[in-house]
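Here is the file protein02.txt (compact mmCIF, C-alpha atoms and all ligand atoms).
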```txt
# COMPACT_ATOMS: atom_id res chain seq x y z
CA MET A 25 13.20 -31.73 -19.77
CA GLU A 26 10.01 -32.92 -18.13
CA SER A 27 10.48 -30.95 -14.93
CA THR A 28 11.40 -27.80 -16.91
CA ASN A 29 8.07 -27.97 -18.69
CA LEU A 30 6.36 -28.47 -15.37
CA TRP A 31 7.68 -25.13 -14.04
CA VAL A 32 6.37 -23.24 -17.05
CA TRP A 33 2.96 -24.81 -16.47
CA VAL A 34 3.08 -23.94 -12.77
CA ALA A 35 3.97 -20.31 -13.56
CA GLY A 36 1.23 -20.10 -16.18
CA ALA A 37 -1.30 -21.60 -13.77
CA VAL A 38 -0.37 -19.16 -10.99
CA LEU A 39 -0.85 -16.22 -13.37
CA ALA A 40 -4.03 -17.45 -15.05
CA GLY A 41 -5.51 -18.61 -11.72
CA ARG A 42 -4.96 -15.25 -10.13
CA LEU A 43 -6.31 -13.31 -13.09
CA GLY A 44 -9.41 -15.51 -13.33
CA ALA A 45 -10.10 -15.42 -9.60
CA GLU A 46 -9.64 -11.64 -9.36
CA TRP A 47 -11.79 -10.92 -12.41
CA ALA A 48 -14.57 -13.15 -11.10
CA LEU A 49 -14.38 -11.37 -7.75
CA GLU A 50 -14.53 -7.94 -9.41
CA ALA A 51 -17.61 -8.96 -11.43
CA LEU A 52 -19.29 -10.41 -8.33
CA ASN A 53 -18.59 -7.22 -6.41
CA ARG A 54 -19.92 -4.94 -9.18
CA ARG A 55 -23.16 -6.89 -9.26
CA HIS A 56 -23.44 -6.66 -5.49
CA LEU A 57 -22.77 -2.91 -5.50
CA ARG A 58 -25.44 -2.33 -8.16
CA GLN A 59 -27.97 -4.17 -6.01
CA VAL A 60 -27.04 -2.24 -2.86
CA ALA A 61 -27.15 1.09 -4.69
CA GLY A 62 -30.46 0.15 -6.35
CA CYS A 63 -32.07 -0.46 -2.95
CA ALA A 64 -30.85 2.91 -1.70
CA GLU A 65 -32.01 4.74 -4.84
CA ALA A 66 -35.47 5.02 -3.34
CA GLY A 67 -33.97 7.05 -0.48
CA GLY A 68 -34.10 10.49 -2.18
CA SER A 69 -31.04 12.73 -1.82
CA GLU A 70 -29.09 9.98 -0.12
CA GLY A 71 -29.79 7.90 -3.22
CA SER A 72 -28.13 10.28 -5.69
CA GLY A 73 -24.94 10.30 -3.58
CA ARG A 74 -24.96 6.54 -3.75
CA ALA A 75 -25.36 6.57 -7.52
CA ARG A 76 -22.13 8.57 -7.78
CA ALA A 77 -20.39 6.22 -5.33
CA LEU A 78 -21.57 3.29 -7.48
CA ALA A 79 -20.25 4.84 -10.68
CA TYR A 80 -16.89 5.48 -8.99
CA ALA A 81 -16.67 1.95 -7.55
CA GLU A 82 -17.53 0.45 -10.95
CA ALA A 83 -14.95 2.57 -12.77
CA ARG A 84 -12.29 1.61 -10.22
CA SER A 85 -13.23 -2.04 -10.55
CA ARG A 86 -12.89 -1.95 -14.36
CA PHE A 87 -9.56 -0.20 -13.97
CA ARG A 88 -8.36 -2.88 -11.56
CA GLU A 89 -9.23 -5.54 -14.14
CA ILE A 90 -7.07 -3.80 -16.73
CA GLU A 91 -4.27 -3.38 -14.20
CA LEU A 92 -4.36 -7.11 -13.44
CA LEU A 93 -4.36 -7.97 -17.12
CA TRP A 94 -1.35 -5.73 -17.62
CA GLU A 95 0.58 -7.27 -14.68
CA THR A 96 -0.19 -10.76 -15.96
CA ALA A 97 0.88 -9.91 -19.50
CA LEU A 98 4.12 -8.38 -18.23
CA LEU A 99 5.05 -11.44 -16.18
CA ALA A 100 4.02 -13.87 -18.90
CA GLY A 101 5.92 -11.82 -21.50
CA LEU A 102 9.10 -11.76 -19.45
CA TRP A 103 9.19 -15.32 -18.16
CA LEU A 104 7.13 -17.58 -20.37
CA THR A 105 8.41 -16.33 -23.74
CA GLY A 106 12.11 -16.35 -22.82
CA TRP A 107 12.55 -12.59 -23.35
CA LEU A 108 14.04 -12.18 -19.89
CA ALA A 109 16.60 -14.90 -20.62
CA ARG A 110 17.56 -13.28 -23.93
CA GLY A 111 17.79 -9.88 -22.23
CA TRP A 112 20.02 -11.32 -19.53
CA GLU A 113 22.34 -12.89 -22.09
CA ALA A 114 22.60 -9.63 -24.02
CA TRP A 115 23.20 -7.64 -20.82
CA GLN A 116 26.11 -9.89 -19.83
CA GLN A 117 27.65 -9.51 -23.27
CA VAL A 118 27.35 -5.75 -23.32
CA VAL A 119 27.74 -4.72 -19.66
CA GLY A 120 29.69 -7.71 -18.35
CA THR A 121 29.49 -9.80 -15.22
CA GLY A 122 30.14 -9.05 -11.58
CA VAL A 123 28.14 -7.68 -8.66
CA TRP A 124 27.60 -4.19 -10.13
CA ALA A 125 26.65 -5.46 -13.60
CA ASP A 126 24.21 -7.96 -12.04
CA ALA A 127 22.71 -5.28 -9.79
CA GLY A 128 22.35 -3.03 -12.83
CA PHE A 129 20.34 -5.71 -14.64
CA VAL A 130 17.97 -6.26 -11.71
CA TRP A 131 17.56 -2.49 -11.36
CA ALA A 132 16.90 -2.14 -15.11
CA VAL A 133 14.17 -4.83 -15.06
CA PHE A 134 12.41 -3.33 -12.02
CA THR A 135 12.69 0.19 -13.40
CA GLY A 136 11.50 -0.92 -16.84
CA ALA A 137 8.46 -2.65 -15.31
CA SER A 138 7.65 0.45 -13.32
CA VAL A 139 8.03 2.82 -16.30
CA ALA A 140 5.91 0.49 -18.43
CA SER A 141 3.03 0.98 -15.97
CA TRP A 142 3.14 4.79 -16.28
CA PRO A 143 0.43 4.94 -18.96
CA LEU A 144 -1.90 3.14 -16.53
CA ARG A 145 -0.98 5.52 -13.73
CA TRP A 146 -1.58 8.48 -16.07
CA TYR A 147 -4.96 7.16 -17.09
CA GLU A 148 -5.91 6.57 -13.44
CA ARG A 149 -4.97 10.10 -12.41
CA PHE A 150 -6.03 12.20 -15.41
CA HIS A 151 -9.06 10.25 -16.60
CA LEU A 152 -10.53 8.08 -13.86
CA GLU A 153 -9.91 10.29 -10.80
CA GLU A 154 -10.45 13.39 -12.95
CA ARG A 155 -13.89 12.20 -14.04
CA PHE A 156 -15.06 12.05 -10.42
CA GLY A 157 -13.51 15.39 -9.53
CA PHE A 158 -10.77 14.00 -7.29
CA ASN A 159 -7.76 14.91 -9.38
CA THR A 160 -5.96 18.16 -8.65
CA THR A 161 -2.51 17.07 -9.89
CA ARG A 162 -1.04 19.10 -12.70
CA PRO A 163 0.90 17.15 -15.34
CA ARG A 164 4.09 18.94 -14.29
CA THR A 165 3.76 17.68 -10.71
CA TRP A 166 2.98 14.20 -12.02
CA TRP A 167 6.13 14.06 -14.14
CA ALA A 168 8.23 15.49 -11.29
CA ASP A 169 6.87 12.75 -9.00
CA ARG A 170 7.86 10.07 -11.53
CA ALA A 171 11.36 11.50 -11.90
CA LYS A 172 11.84 11.75 -8.13
CA GLY A 173 10.53 8.21 -7.70
CA LEU A 174 13.02 6.90 -10.25
CA LEU A 175 15.88 8.74 -8.60
CA LEU A 176 14.86 7.51 -5.15
CA GLY A 177 14.55 3.93 -6.45
CA THR A 178 18.05 4.18 -7.85
CA VAL A 179 19.70 5.84 -4.84
CA LEU A 180 18.08 3.46 -2.34
CA GLY A 181 17.59 0.37 -4.52
CA LEU A 182 20.89 0.01 -6.32
CA PRO A 183 23.05 -0.14 -3.15
CA VAL A 184 20.63 -2.65 -1.60
CA LEU A 185 20.88 -4.84 -4.73
CA VAL A 186 24.69 -4.60 -4.72
CA GLY A 187 24.69 -5.53 -1.01
CA LEU A 188 22.41 -8.53 -1.56
CA LEU A 189 24.33 -9.82 -4.57
CA GLY A 190 27.59 -9.35 -2.64
CA LEU A 191 26.20 -11.41 0.25
CA MET A 192 25.08 -14.14 -2.18
CA ARG A 193 28.64 -14.48 -3.45
CA TRP A 194 30.19 -14.25 -0.02
CA ASP A 195 28.01 -16.92 1.61
CA PRO A 196 26.07 -18.90 -1.04
CA ALA A 197 24.38 -21.08 1.61
CA GLY A 198 23.51 -18.59 4.35
CA TRP A 199 23.11 -15.39 2.30
CA TRP A 200 19.35 -15.30 2.80
CA MET A 201 19.59 -14.71 6.56
CA TRP A 202 22.24 -12.00 6.19
CA GLY A 203 20.35 -10.53 3.26
CA TRP A 204 17.13 -10.49 5.22
CA ALA A 205 18.73 -8.73 8.21
CA PHE A 206 20.31 -6.21 5.83
CA VAL A 207 17.07 -5.40 3.99
CA VAL A 208 15.07 -5.10 7.23
CA ALA A 209 17.72 -2.77 8.67
CA VAL A 210 17.48 -0.57 5.55
CA GLN A 211 13.66 -0.59 5.67
CA TRP A 212 13.60 0.46 9.32
CA ALA A 213 16.17 3.16 8.76
CA VAL A 214 14.17 4.53 5.83
CA SER A 215 10.90 4.51 7.79
CA TRP A 216 12.71 6.32 10.64
CA LEU A 217 14.09 9.01 8.38
CA ALA A 218 11.28 9.22 5.81
CA PRO A 219 9.47 12.12 7.52
CA VAL A 220 12.61 14.26 7.44
CA ILE A 221 14.37 13.27 4.22
CA ILE A 222 11.91 11.61 1.81
CA LEU A 223 8.37 12.92 2.33
CA PRO A 224 9.36 16.64 2.22
CA TRP A 225 10.76 15.99 -1.22
CA PHE A 226 7.30 15.15 -2.55
CA HIS A 227 4.99 17.21 -0.35
CA ARG A 228 4.99 20.50 1.47
CA PHE A 229 4.51 20.28 5.22
CA SER A 230 3.70 23.05 7.62
CA PRO A 231 3.12 22.84 11.37
CA LEU A 232 -0.54 22.89 12.36
CA PRO A 233 -0.98 26.57 13.35
CA GLU A 234 -1.18 27.53 17.02
CA GLY A 235 -4.76 27.59 18.20
CA PRO A 236 -7.51 25.56 19.83
CA LEU A 237 -7.23 22.61 17.40
CA ARG A 238 -3.50 22.21 17.89
CA GLU A 239 -3.91 22.50 21.68
CA ARG A 240 -6.67 19.93 21.60
CA LEU A 241 -4.62 17.39 19.65
CA LEU A 242 -1.47 17.90 21.74
CA THR A 243 -3.51 17.47 24.92
CA LEU A 244 -4.96 14.28 23.51
CA ALA A 245 -1.47 12.95 22.69
CA ARG A 246 -0.21 13.76 26.20
CA ARG A 247 -3.23 12.20 27.82
CA ILE A 248 -2.88 8.86 26.04
CA GLY A 249 0.92 8.81 26.18
CA PHE A 250 1.56 9.16 22.43
CA ARG A 251 5.01 10.71 21.95
CA LEU A 252 5.34 12.89 18.90
CA ALA A 253 7.62 15.53 17.49
CA ASP A 254 4.95 17.62 15.81
CA ILE A 255 1.54 17.80 14.16
CA GLN A 256 1.84 18.86 10.56
CA VAL A 257 -0.44 19.69 7.67
CA MET A 258 0.39 18.22 4.27
CA ASP A 259 -0.56 19.85 0.97
CA GLY A 260 -2.54 16.78 -0.17
CA SER A 261 -4.83 19.09 -2.16
CA ARG A 262 -1.99 19.70 -4.62
CA ARG A 263 -2.60 16.17 -5.94
CA THR A 264 -6.02 14.93 -4.92
CA ARG A 265 -9.28 15.80 -3.18
CA HIS A 266 -9.16 12.53 -1.24
CA SER A 267 -8.49 13.09 2.44
CA ASN A 268 -6.46 11.26 5.03
CA ALA A 269 -4.53 11.39 8.29
CA PHE A 270 -1.62 9.23 9.42
CA PHE A 271 1.43 9.21 11.60
CA THR A 272 4.83 8.53 10.20
CA GLY A 273 8.34 7.77 11.38
CA TRP A 274 9.28 6.66 14.84
CA GLY A 275 11.44 7.83 17.73
CA ARG A 276 12.14 11.53 17.73
CA PHE A 277 11.06 12.07 14.12
CA ARG A 278 7.55 10.78 14.59
CA ARG A 279 4.80 13.16 13.60
CA VAL A 280 1.08 13.20 12.98
CA ILE A 281 0.24 14.32 9.44
CA LEU A 282 -3.14 15.74 8.47
CA TYR A 283 -4.07 16.31 4.84
CA ASP A 284 -5.18 19.88 4.27
CA THR A 285 -8.25 18.34 2.57
CA LEU A 286 -9.11 16.61 5.86
CA LEU A 287 -8.88 19.89 7.78
CA ALA A 288 -11.32 21.40 5.31
CA GLN A 289 -13.82 18.54 5.62
CA LEU A 290 -14.02 17.89 9.36
CA ALA A 291 -14.99 19.89 12.44
CA SER A 292 -12.34 19.99 15.15
CA GLU A 293 -13.93 17.39 17.42
CA GLU A 294 -14.28 15.03 14.44
CA LEU A 295 -10.63 15.60 13.60
CA GLU A 296 -9.72 14.84 17.18
CA ALA A 297 -11.59 11.53 16.90
CA VAL A 298 -9.76 10.62 13.67
CA VAL A 299 -6.41 11.44 15.26
CA ALA A 300 -7.35 9.44 18.38
CA HIS A 301 -8.05 6.47 16.07
CA GLU A 302 -4.62 6.87 14.43
CA MET A 303 -2.89 7.14 17.79
CA GLY A 304 -4.83 4.07 18.90
CA HIS A 305 -3.02 2.05 16.23
CA ASP A 306 0.21 3.00 17.95
CA ARG A 307 -0.89 2.62 21.58
CA LEU A 308 -2.39 -0.81 20.80
CA ARG A 309 0.94 -1.73 19.16
CA HIS A 310 -0.62 -2.42 15.73
CA TRP A 311 2.04 -0.47 13.93
CA GLN A 312 4.82 -2.33 15.72
CA LYS A 313 3.16 -5.70 15.05
CA MET A 314 2.80 -4.80 11.38
CA MET A 315 6.52 -4.00 11.10
CA VAL A 316 7.40 -7.36 12.72
CA GLY A 317 4.85 -9.20 10.57
CA SER A 318 6.18 -7.73 7.35
CA ALA A 319 9.76 -8.56 8.40
CA LEU A 320 8.70 -12.19 9.01
CA GLY A 321 6.98 -12.27 5.60
CA LEU A 322 10.21 -11.08 4.03
CA LEU A 323 12.15 -13.79 5.88
CA ALA A 324 9.80 -16.42 4.44
CA ALA A 325 10.27 -14.98 0.94
CA PHE A 326 14.06 -15.05 1.30
CA ALA A 327 13.94 -18.63 2.58
CA VAL A 328 11.87 -19.65 -0.46
CA ALA A 329 14.34 -17.85 -2.75
CA ALA A 330 17.28 -19.63 -1.09
CA TYR A 331 15.51 -22.93 -1.67
CA ALA A 332 14.71 -22.03 -5.29
CA ALA A 333 18.41 -21.32 -5.87
CA GLN A 334 19.04 -25.04 -5.32
CA VAL A 335 16.67 -26.09 -8.12
CA PRO A 336 18.47 -25.75 -11.49
CA SER A 337 15.47 -27.02 -13.47
CA LEU A 338 13.53 -23.96 -12.30
CA PHE A 339 16.01 -21.68 -14.07
CA ARG A 340 16.39 -23.84 -17.15
CA ALA A 341 12.62 -23.88 -17.58
CA PHE A 342 12.69 -20.13 -18.31
CA GLY A 343 15.69 -20.26 -20.61
CA PHE A 344 18.60 -19.62 -18.24
CA PRO A 345 21.64 -21.90 -18.23
CA GLY A 346 21.31 -22.48 -14.47
CA PRO A 347 20.81 -20.72 -11.10
CA GLU A 348 21.83 -17.05 -11.32
CA PRO A 349 21.77 -14.72 -8.28
CA ALA A 350 20.53 -11.75 -10.34
CA ILE A 351 17.66 -13.78 -11.84
CA LEU A 352 16.74 -15.00 -8.38
CA LEU A 353 16.32 -11.38 -7.22
CA VAL A 354 14.34 -10.45 -10.34
CA GLY A 355 12.08 -13.44 -9.68
CA LEU A 356 11.70 -12.54 -6.02
CA GLY A 357 10.69 -8.98 -6.88
CA LEU A 358 8.36 -9.75 -9.78
CA TRP A 359 6.64 -12.83 -8.36
CA ALA A 360 6.15 -11.50 -4.84
CA GLY A 361 2.89 -9.80 -5.92
CA PRO A 362 1.03 -12.67 -7.62
CA VAL A 363 2.18 -15.19 -5.00
CA SER A 364 1.50 -13.05 -1.91
CA ALA A 365 -1.93 -12.11 -3.33
CA TRP A 366 -3.08 -15.48 -2.00
CA LEU A 367 -2.09 -14.36 1.51
CA ALA A 368 -4.00 -11.08 1.32
CA PRO A 369 -7.15 -12.42 3.07
CA LEU A 370 -5.07 -13.32 6.12
CA ILE A 371 -3.36 -9.93 6.29
CA HIS A 372 -6.59 -8.03 5.71
CA ALA A 373 -8.50 -10.03 8.36
CA CYS A 374 -5.88 -8.95 10.85
CA SER A 375 -6.01 -5.34 9.65
CA ARG A 376 -9.84 -5.17 9.90
CA ARG A 377 -9.68 -6.40 13.50
CA TRP A 378 -7.20 -3.64 14.27
CA GLU A 379 -9.48 -1.04 12.71
CA PHE A 380 -12.31 -2.04 15.05
CA ALA A 381 -9.87 -1.95 17.96
CA ALA A 382 -8.58 1.54 17.05
CA ASP A 383 -12.18 2.79 16.67
CA ALA A 384 -13.02 1.43 20.11
CA PHE A 385 -9.85 2.99 21.50
CA ALA A 386 -10.82 6.42 20.13
CA ALA A 387 -14.35 6.15 21.53
CA ARG A 388 -12.97 5.12 24.92
CA VAL A 389 -10.43 7.92 25.31
CA LEU A 390 -12.89 10.57 24.11
CA GLY A 391 -15.69 9.15 26.24
CA THR A 392 -18.01 9.21 23.21
CA ALA A 393 -18.24 7.50 19.83
CA GLU A 394 -20.32 10.25 18.28
CA PRO A 395 -17.64 12.48 16.69
CA LEU A 396 -15.88 9.45 15.20
CA CYS A 397 -19.16 8.17 13.74
CA ARG A 398 -19.81 11.57 12.15
CA ALA A 399 -16.24 11.78 10.85
CA LEU A 400 -16.40 8.30 9.33
CA GLU A 401 -19.70 9.02 7.62
CA ARG A 402 -18.44 12.26 6.18
CA LEU A 403 -15.11 10.81 5.01
CA HIS A 404 -16.74 7.82 3.34
CA ARG A 405 -19.19 10.11 1.59
CA GLU A 406 -16.57 12.64 0.45
CA ASN A 407 -14.31 9.87 -0.84
CA LEU A 408 -17.24 8.06 -2.55
CA MET A 409 -16.54 4.95 -0.48
CA ASN A 410 -19.94 4.65 1.16
CA LEU A 411 -21.13 1.49 -0.60
CA PRO A 412 -20.34 -1.76 1.21
CA SER A 413 -18.52 -4.31 -0.96
CA HIS A 414 -19.56 -7.93 -1.31
CA PRO A 415 -18.43 -9.84 1.83
CA TRP A 416 -16.12 -12.10 -0.21
CA TYR A 417 -14.56 -9.11 -1.89
CA ARG A 418 -14.03 -7.40 1.43
CA TRP A 419 -12.57 -10.59 2.83
CA VAL A 420 -9.92 -10.70 0.09
CA HIS A 421 -9.19 -7.05 -0.67
CA GLU A 422 -10.19 -4.66 2.04
CA SER A 423 -8.04 -3.61 4.94
CA HIS A 424 -10.91 -1.68 6.53
CA PRO A 425 -14.36 -2.89 7.60
CA SER A 426 -17.30 -1.29 5.82
CA LEU A 427 -18.76 1.96 7.13
CA GLU A 428 -21.88 0.11 8.34
CA GLU A 429 -19.81 -2.40 10.29
CA ARG A 430 -17.75 0.29 11.95
CA LEU A 431 -20.76 2.40 12.89
CA ALA A 432 -22.56 -0.66 14.24
CA ALA A 433 -19.55 -1.66 16.36
CA LEU A 434 -19.17 1.89 17.69
CA THR A 435 -22.87 2.13 18.54
CA ARG A 436 -22.78 -1.22 20.32
CA ALA A 437 -19.74 -0.10 22.34
CA GLY A 438 -21.49 3.20 23.14
CA ARG A 439 -24.31 1.33 24.81
CA GLY A 440 -21.87 -0.42 27.19
CA PRO A 441 -20.86 0.92 30.63
CA ALA A 442 -19.62 4.53 30.46
CA PRO A 443 -15.86 4.91 30.89
CA ALA A 444 -15.02 6.82 34.05
CA GLY A 445 -13.07 10.04 34.33
CA ASP A 446 -11.72 10.30 30.81
CA ARG A 447 -13.96 12.97 29.50
CA SER A 448 -13.19 15.94 31.71
CA SER A 449 -9.78 16.64 30.18
CA ALA A 450 -10.89 16.33 26.52
ZN ZN B 501 -7.11 2.80 11.10
```
What would the structure in this file look like if it were written as structure tokens?
Ligand SMILES: [Zn+2]
Amino acid sequence: MESTNLWVWVAGAVLAGRLGAEWALEALNRRHLRQVAGCAEAGGSEGSGRARALAYAEARSRFREIELLWETALLAGLWLTGWLARGWEAWQQVVGTGVWADAGFVWAVFTGASVASWPLRWYERFHLEERFGFNTTRPRTWWADRAKGLLLGTVLGLPVLVGLLGLMRWDPAGWWMWGWAFVVAVQWAVSWLAPVIILPWFHRFSPLPEGPLRERLLTLARRIGFRLADIQVMDGSRRTRHSNAFFTGWGRFRRVILYDTLLAQLASEELEAVVAHEMGHDRLRHWQKMMVGSALGLLAAFAVAAYAAQVPSLFRAFGFPGPEPAILLVGLGLWAGPVSAWLAPLIHACSRRWEFAADAFAARVLGTAEPLCRALERLHRENLMNLPSHPWYRWVHESHPSLEERLAALTRAGRGPAPAGDRSSA
């Protein structure tokens, strides 16, 4: 009895600790942003842009607080009140037991949690983003996206759950290693095929038209040895005015994707610099390291789950008769967020180093940092991201260094010895 109570306290402390820490950090960051924006206010036209960026950052920060409160309430409601246990009991009575029934329960909990967050997503899109002029999504597109997401989650998720639960029955001691290999294999297959079977379902893609820009980018790819199937333009403007570029897939399906909004915002040499940065992530093996890192993180999570399965008091604490494979998977899925939030600083520190490295890569292959600096300034301004967060906030939450840091690093690198021979072919 004593140890069951202990688990409830631990779960409560993890939730409350995270909520408190995140709220404090948001408040600290808002105060910092107000100070930074206040200093810049004296700067005339630059100042008014910053006032808008401040209002956007503050609105996003408030929204994040509500999001966190919602996530905390959901987890507390499911686990600490015993609702999940009662739901599980009812499910077994109505649907039955067995691998498919268990998988159905896990699917239903995950789907329910996702659907329950739709009002927040709606508010974010049609109120918050709308207020700052970023939203271009029509409600019809939004609902279609939800429906497709649900269908995709079912078609991909249900078989994975059945596979995992089957492995747990087949090898109760070693399931976690098999299960891990299985999930990683599925993830890699999906990321391989995503550009051809998943993304086109949500967005419209068209090849970047023949012309000087396309030639320029293909030449760049050849020159730095980046293999790609195509350069495509995505209709990002059908949902948002935010802009972006990325590459997706690997092997023969790999392609560089440019948002149409990005094409509209940048001159062609700035675009080339942004694409060179993206390709840098690949040539410097960041993308590959990230895939391996996330697979190792998953292995750790599965090992923890396998250990938790041996602790009956953990299950009894939340109202279950004992260890249940389905509940273990529900726990793994729902608690991964609040627990891994404590690892975010580590992951983001790594990511920020890679951003500097990809910036330096782009400047090196182009022989100049200037177009990338201009592109970064413009993109940060257009996306209202031009205010630097509090250092602690950045340390915990941000995968990218601030604009100032990136410009400073690029300028420093620009003053170094000039790279030889690269420029002539650009
Ligand atoms: Zn990057």
Go through A:Ala368, A:Val34, A:Met303, A:Ala79 and flag the residue nearest ligand ZN 501 (chain B), using all atoms listed in the file for the distances.
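Of A:Ala368, A:Val34, A:Met303, A:Ala79, the one nearest ligand ZN 501 (chain B) is A:Met303, counting all atoms listed in the file.
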Identify, counting only C-alpha atoms and all ligand atoms, the protein, DNA and RNA residues located within 7 Å of ligand ZN 501 (chain B), and give them as an NGL selection string.
:A and (301-302 or 305 or 379 or 382)
Close residues, Ser85 in chain A itself excluded, 9 Å, only C-alpha atoms, min 5 positions apart in chain, as a list in words
Glu50, Ala51, Asn53, Arg54, Tyr80 and Ile90 of chain A
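With all atoms listed in the file taken into account, the protein and nucleic acid residues at most 9 Å from Leu282 in chain A (excluding it and anything under 5 positions from it in its own chain) are Leu232, Ile255, Gln256, Val257, Met258, Asp259, Gly260, Ser267, Asn268, Ala269, Phe270, Phe271, Leu287 and Val299 of chain A.
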Pick from A:Pro425, A:Pro347, A:Gly355, A:Pro233, whichever lies nearest to Arg377 in chain A using all atoms listed in the file
A:Pro425
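One finds CA of Glu422 in chain A at 23.7 Å from CA of Ser215 in chain A.
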Using CA of Thr243 in chain A and CA of Pro224 in chain A as the two end points, give the distance in Å to one decimal.
26.1 Å
